[in-house]
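Worksheet for the structure shown next.
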Amino acid sequence: EIHFALTALRMDSYLIQVNGHGDHAPMLDVHLKNTGSTISPGKVKGRKPRWAIRASEMSKKTFNPVRAIVDSMKVEPNPKKAMISLSLGDPTVFGNLPTNDEVTRAVKEVLDSGQYNGYAPSVGYQSCREAVAAYYNCPEAPLKAQDVILTSGCSQAIELALAVLANPGQNILVPRPGFSLYKTLALSMGIEVKLYNLLPEKAWEIDLEHLESLVDEKTACLIVNNPSNPCGSLFSKSHLQEILAVASRQCVPILADEIYGDMVFADCKYEPIATLSTNVPILSCGGLAKRWLVPGWRMGWILIHDRRDIFGNEIRDGLVRLSQRILGPCTIVQGALEQILHRTPPEFYHNTLSILKSNADLCYAALSAIPGLQPVRPAGAMYLMVGIEMEHFPEFENDVEFTERLISEQSVFCLPATCFEYPNFFRVVITVPEEMILEACSRIQEFCEMHYQGAEGAQDLECDK
């Protein structure tokens with residue numbers, strides 16, 4: 001028997017008694033023995049009741065640059081032209097890229113079974129973790145079930161990885177241009193973001209010298225996004241080895257965002273970064289969203305690569321504890337996971353990539369022919385980035401103004417790359433139907449021809465200002 005005296009608010013005469021015997025759960029008995037003390041509701045010494053509800057500091061620090069920029073673009077599309085949105089990285093929007101029948105069949109079977117309607121362990125069912133480990137296991141980067149944490153989408157995987165690696169006041173290294181969620185999550189946690197440069201003239205390789213110059217004693221991790229959102233780029237094996245060399249020298253762990261892993265075009269080869277290193281500890285984040293074309297199903301994972309036991313039990317235990325905050329991802333999708341991984345036919349992946357590559361080639365060729373634009377050829381994922389030679393469009397201050405006018409005049413919506421910390425570019429999503437890509441490129445050409453100024457014309461316009 002354990003006795004606790006409850007003294008708050010002059011309730012010292014009340015006794016809480018917890019009784020526990022043998023294998024039975026403890027019983028809670030509350031004995032009320034009023035010794036004459038009285039409690040007057042609403043009269044707590046030193047406090048005058050009043051409404052004072054404020055948003056939390058975490059909510060105030062949460063900032064999504066994409067939403068902030070897009071929501072501020074108060075512009076109406078041209079009513080004479082149907083809107084073409086090349087802005088949202090969701091492959092399901094236009095219906096031209098459905099998931100495979102085997103994927104949906106697997107979920108239907110699980111739903112009909114009625115066996116996956118309850119709570120699962122917060123890190124995911126053991127059998128599902130085994131399935132993911134087996135799917136990604138390879139001799140260069142072996143995996144077991146205990147190396148897998150299932151999450152609610154890749155976004156939560158990134159959030160958990162950041163939360164377990166970094167404390168408030170520390171910093172993380174983030175690519176520029178890069179996925180805006182990294183900064184959104186980090187700042188909400190009180191973690192500083194240091195942006196390292198990617199080089200468009202080198203197919204968006206990392207500026208390794210700049211990267212290494214940012215490392216200090218407060219650096220908690222390096223984020224490597226490969227293949228890249230927003231760039232559609234793919235790092236070569238040799239470049240990944242150079243990145244690992246920096247991480248190894250500086251003793252900085254890597255958070256690898258590999259949600260677009262294997263979504264690379266036929267003439268390219270994707271290398272998971274963990275397969276190239278034996279000593280740098282890596283948390284690799286992935287999921288079903290992009291390769292299987294089901295982003296709304298919210299199924300992601302963290303793969304823990306720690307062959308030198310540098311993370312040790314502390315990081316693993318930390319991930320388990322953090323996973324308990326929302327008690328794991330959707331159990332229906334978990335139940336179907338093994339079948340999704342093994343039943344999906346290879347032709348499905350090939351067909352998806354064939355469509356994406358065709359669209360990428362069409363878009364790159366069309367935009368390359370437009371004076372004033374400099375597209376960077378993608379190698380995978382679902383995007384390409386286009387540089388704007390702003391000196392030839394002097395009536396626009398920046399990429400945001402450029403894309404706003406593109407909407408109002410041509411009803412084509414591309415994201416200004418300021419959203420990704422990289423001004424004077426814009427991002428094109430290549431998942432739309434082919435005819436829409438061609439029409440969008442035609443309108444972009446018309447827009448640029450209307451506003452393009454040669455060197456002489458641009459100077460004249462500047463003088464007029």
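As shown in the structure tokens, the chain order sets the letters A, B, ...; within each chain, residues go from 1, and ligands are also counted from 1 in the order they appear.
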**Request:** DSSP on the backbone, then: every residue of region 243-420 of chain A marked strand (DSSP E or B), written as number ranges by chain.
**Result:** A: 254-257, 264, 282-287, 300-305, 373-376, 380, 383-388, 412-413, 415-416
**Message:** Can you pull out the residues contacting region 372-379 of chain A? Cut-off 7 Å, using only C-alpha atoms, and skip same-chain residues under 5 positions away; I want them as a list in words.
**Reply:** Pro200, Ala203, Cys231, Gly232, Ser233, Leu234, Val264, Phe265, Cys268, Tyr364, Leu367, Leu384, Met385, Val386, Gly387, Ile388, Glu389, His392 and Tyr452 of chain A
Could you write those residues out with C-alpha atoms, as a PDB file, in the first residue's frame?
ATOM      1  CA  PRO A 200      22.447  24.958 -60.789  1.00  0.00           C
ATOM      2  CA  ALA A 203      22.960  20.006 -61.987  1.00  0.00           C
ATOM      3  CA  CYS A 231      15.135  20.579 -58.253  1.00  0.00           C
ATOM      4  CA  GLY A 232      14.336  17.128 -59.679  1.00  0.00           C
ATOM      5  CA  SER A 233      18.083  16.486 -59.447  1.00  0.00           C
ATOM      6  CA  LEU A 234      19.962  13.303 -58.582  1.00  0.00           C
ATOM      7  CA  VAL A 264      14.635   8.449 -61.278  1.00  0.00           C
ATOM      8  CA  PHE A 265      14.642   8.331 -65.048  1.00  0.00           C
ATOM      9  CA  CYS A 268      20.066   7.466 -64.230  1.00  0.00           C
ATOM     10  CA  TYR A 364      12.823  21.185 -70.763  1.00  0.00           C
ATOM     11  CA  LEU A 367      11.436  26.180 -72.050  1.00  0.00           C
ATOM     12  CA  LEU A 384      12.233  20.979 -62.739  1.00  0.00           C
ATOM     13  CA  MET A 385      13.585  24.405 -61.869  1.00  0.00           C
ATOM     14  CA  VAL A 386      13.696  27.266 -64.347  1.00  0.00           C
ATOM     15  CA  GLY A 387      16.011  30.235 -64.018  1.00  0.00           C
ATOM     16  CA  ILE A 388      14.695  33.678 -64.979  1.00  0.00           C
ATOM     17  CA  GLU A 389      17.201  36.099 -66.499  1.00  0.00           C
ATOM     18  CA  HIS A 392      15.705  40.762 -69.558  1.00  0.00           C
ATOM     19  CA  TYR A 452      11.341  40.081 -72.852  1.00  0.00           C
TER      20      TYR A 452
END
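Checking A:Ala245, A:Leu337, A:Leu319, A:Leu187 one by one against Leu160 (chain A), counting only C-alpha atoms, you find the shortest gap at A:Leu319.
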**Request:** Write out as a count of residues only each polymer residue whose atoms come within 6 Å of region 272-279 of chain A, counting only C-alpha atoms; drop sequence neighbours fewer than 2 positions from it.
**Result:** 3
**Request:** Write out as a VMD selection string which residues come within 9 Å of region 70-83 of chain A when counting only C-alpha atoms, dropping same-chain ones fewer than 2 positions away.
**Result:** chain A and resid 65 to 68 85 400 to 401 404 to 413 415 to 416 419
Kindly export the residues of the current selection with N, CA and C atoms, as a PDB file, in the first residue's frame.
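The result, stored in again_30.pdb:
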ATOM      1  N   PRO A  65       6.841  29.041 -45.562  1.00  0.00           N
ATOM      2  CA  PRO A  65       7.105  30.093 -46.559  1.00  0.00           C
ATOM      3  C   PRO A  65       6.289  29.944 -47.838  1.00  0.00           C
ATOM      4  N   VAL A  66       5.964  28.705 -48.221  1.00  0.00           N
ATOM      5  CA  VAL A  66       5.160  28.514 -49.431  1.00  0.00           C
ATOM      6  C   VAL A  66       3.788  29.136 -49.242  1.00  0.00           C
ATOM      7  N   ARG A  67       3.152  28.802 -48.111  1.00  0.00           N
ATOM      8  CA  ARG A  67       1.818  29.351 -47.864  1.00  0.00           C
ATOM      9  C   ARG A  67       1.874  30.870 -47.715  1.00  0.00           C
ATOM     10  N   ALA A  68       2.903  31.352 -47.022  1.00  0.00           N
ATOM     11  CA  ALA A  68       3.002  32.796 -46.807  1.00  0.00           C
ATOM     12  C   ALA A  68       3.117  33.541 -48.129  1.00  0.00           C
ATOM     13  N   SER A  85      -2.454  24.630 -63.335  1.00  0.00           N
ATOM     14  CA  SER A  85      -1.638  24.720 -62.120  1.00  0.00           C
ATOM     15  C   SER A  85      -0.482  23.735 -62.201  1.00  0.00           C
ATOM     16  N   VAL A 400       8.621  36.410 -57.759  1.00  0.00           N
ATOM     17  CA  VAL A 400       7.235  36.426 -57.274  1.00  0.00           C
ATOM     18  C   VAL A 400       6.375  37.268 -58.216  1.00  0.00           C
ATOM     19  N   GLU A 401       6.866  38.450 -58.579  1.00  0.00           N
ATOM     20  CA  GLU A 401       6.115  39.303 -59.514  1.00  0.00           C
ATOM     21  C   GLU A 401       5.986  38.631 -60.882  1.00  0.00           C
ATOM     22  N   GLU A 404       3.335  35.977 -60.604  1.00  0.00           N
ATOM     23  CA  GLU A 404       2.018  36.600 -60.436  1.00  0.00           C
ATOM     24  C   GLU A 404       1.461  37.045 -61.786  1.00  0.00           C
ATOM     25  N   ARG A 405       2.283  37.709 -62.568  1.00  0.00           N
ATOM     26  CA  ARG A 405       1.823  38.183 -63.879  1.00  0.00           C
ATOM     27  C   ARG A 405       1.565  37.018 -64.831  1.00  0.00           C
ATOM     28  N   LEU A 406       2.325  35.943 -64.672  1.00  0.00           N
ATOM     29  CA  LEU A 406       2.092  34.752 -65.494  1.00  0.00           C
ATOM     30  C   LEU A 406       0.697  34.191 -65.222  1.00  0.00           C
ATOM     31  N   ILE A 407       0.266  34.274 -63.971  1.00  0.00           N
ATOM     32  CA  ILE A 407      -1.094  33.835 -63.628  1.00  0.00           C
ATOM     33  C   ILE A 407      -2.129  34.792 -64.222  1.00  0.00           C
ATOM     34  N   SER A 408      -1.946  36.072 -63.994  1.00  0.00           N
ATOM     35  CA  SER A 408      -2.977  37.034 -64.399  1.00  0.00           C
ATOM     36  C   SER A 408      -3.109  37.138 -65.914  1.00  0.00           C
ATOM     37  N   GLU A 409      -2.010  36.925 -66.644  1.00  0.00           N
ATOM     38  CA  GLU A 409      -2.071  37.059 -68.094  1.00  0.00           C
ATOM     39  C   GLU A 409      -2.303  35.740 -68.822  1.00  0.00           C
ATOM     40  N   GLN A 410      -1.722  34.650 -68.295  1.00  0.00           N
ATOM     41  CA  GLN A 410      -1.770  33.375 -69.023  1.00  0.00           C
ATOM     42  C   GLN A 410      -2.458  32.247 -68.244  1.00  0.00           C
ATOM     43  N   SER A 411      -2.878  32.507 -67.007  1.00  0.00           N
ATOM     44  CA  SER A 411      -3.527  31.480 -66.175  1.00  0.00           C
ATOM     45  C   SER A 411      -2.662  30.228 -66.038  1.00  0.00           C
ATOM     46  N   VAL A 412      -1.359  30.439 -65.872  1.00  0.00           N
ATOM     47  CA  VAL A 412      -0.421  29.350 -65.589  1.00  0.00           C
ATOM     48  C   VAL A 412       0.216  29.652 -64.241  1.00  0.00           C
ATOM     49  N   PHE A 413       0.099  28.695 -63.320  1.00  0.00           N
ATOM     50  CA  PHE A 413       0.581  28.907 -61.955  1.00  0.00           C
ATOM     51  C   PHE A 413       1.784  28.017 -61.684  1.00  0.00           C
ATOM     52  N   LEU A 415       5.265  27.809 -58.976  1.00  0.00           N
ATOM     53  CA  LEU A 415       5.714  28.362 -57.701  1.00  0.00           C
ATOM     54  C   LEU A 415       6.983  29.184 -57.896  1.00  0.00           C
ATOM     55  N   PRO A 416       6.986  30.425 -57.408  1.00  0.00           N
ATOM     56  CA  PRO A 416       8.242  31.186 -57.414  1.00  0.00           C
ATOM     57  C   PRO A 416       9.233  30.509 -56.477  1.00  0.00           C
ATOM     58  N   CYS A 419       9.966  30.644 -52.605  1.00  0.00           N
ATOM     59  CA  CYS A 419       9.388  29.673 -51.661  1.00  0.00           C
ATOM     60  C   CYS A 419      10.428  28.678 -51.164  1.00  0.00           C
TER      61      CYS A 419
END
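Atom pair CA of Leu214 (chain A) / CA of Arg176 (chain A) has a distance of 13.1 Å (rounded to one decimal).
Separating CA of Ile69 (chain A) from CA of Leu185 (chain A) is a distance of 17.3 Å.
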**Request:** Mind listing the alpha helix (DSSP H) residues of region 149-203 of chain A, per DSSP on the backbone, as a ChimeraX atom specification?
**Result:** /A:153-165,181-188
Filtering to C-alpha atoms, could you give me those residues as a PDB file, in the first residue's frame?
ATOM      1  CA  GLY A 153       3.816  10.102 -43.831  1.00  0.00           C
ATOM      2  CA  CYS A 154       7.361  11.133 -44.663  1.00  0.00           C
ATOM      3  CA  SER A 155       6.675  14.561 -43.171  1.00  0.00           C
ATOM      4  CA  GLN A 156       6.290  13.056 -39.724  1.00  0.00           C
ATOM      5  CA  ALA A 157       9.379  10.941 -40.298  1.00  0.00           C
ATOM      6  CA  ILE A 158      11.353  14.144 -40.918  1.00  0.00           C
ATOM      7  CA  GLU A 159       9.769  15.783 -37.867  1.00  0.00           C
ATOM      8  CA  LEU A 160      10.690  12.865 -35.573  1.00  0.00           C
ATOM      9  CA  ALA A 161      14.215  12.679 -36.992  1.00  0.00           C
ATOM     10  CA  LEU A 162      14.766  16.389 -36.380  1.00  0.00           C
ATOM     11  CA  ALA A 163      13.219  16.221 -32.919  1.00  0.00           C
ATOM     12  CA  VAL A 164      15.452  13.342 -31.808  1.00  0.00           C
ATOM     13  CA  LEU A 165      18.692  14.811 -33.217  1.00  0.00           C
ATOM     14  CA  LEU A 181       9.089  21.921 -44.501  1.00  0.00           C
ATOM     15  CA  TYR A 182      12.613  21.540 -43.093  1.00  0.00           C
ATOM     16  CA  LYS A 183      12.674  25.182 -42.056  1.00  0.00           C
ATOM     17  CA  THR A 184       9.046  25.162 -40.926  1.00  0.00           C
ATOM     18  CA  LEU A 185       9.640  22.257 -38.551  1.00  0.00           C
ATOM     19  CA  ALA A 186      13.022  23.432 -37.290  1.00  0.00           C
ATOM     20  CA  LEU A 187      11.977  26.976 -36.434  1.00  0.00           C
ATOM     21  CA  SER A 188       8.887  25.731 -34.603  1.00  0.00           C
TER      22      SER A 188
END
**Request:** Considering only C-alpha atoms, return as a ChimeraX atom specification whatever protein or nucleic-acid residues lie within 10 Å of Ser152 (chain A), sequence-local ones (same chain, fewer than 5 positions apart) excluded.
**Result:** /A:157,287,297-301,323,326-330
**Prompt:** In terms of the shortest atom-to-atom distance over only C-alpha atoms, which of A:Asn225, A:Asn117, A:Ser122, A:Ser180 is closest to Leu322 (chain A)?
**Reply:** A:Ser122
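Distances to Met58 (chain A) were evaluated for A:Leu173, A:Val428, A:Leu353, A:Met189 using only C-alpha atoms, and the minimum falls at A:Met189.
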**Message:** Could you check the closest approach to Gly114 (chain A) for each of A:Asn313, A:Thr331, A:Asn96, A:Ser236 and tell me which residue wins, using only C-alpha atoms?
**Reply:** A:Thr331
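Distance annotation: of A:Leu293, A:Ala120, A:Met382, A:Val103, the residue with the minimal separation from Thr344 (chain A) is A:Val103; atom set is only C-alpha atoms.
You can rank A:Val193, A:Cys414, A:Val294, A:Cys441 by their closest distance to Thr104 (chain A) using only C-alpha atoms, and at the top of that list sits A:Val294.
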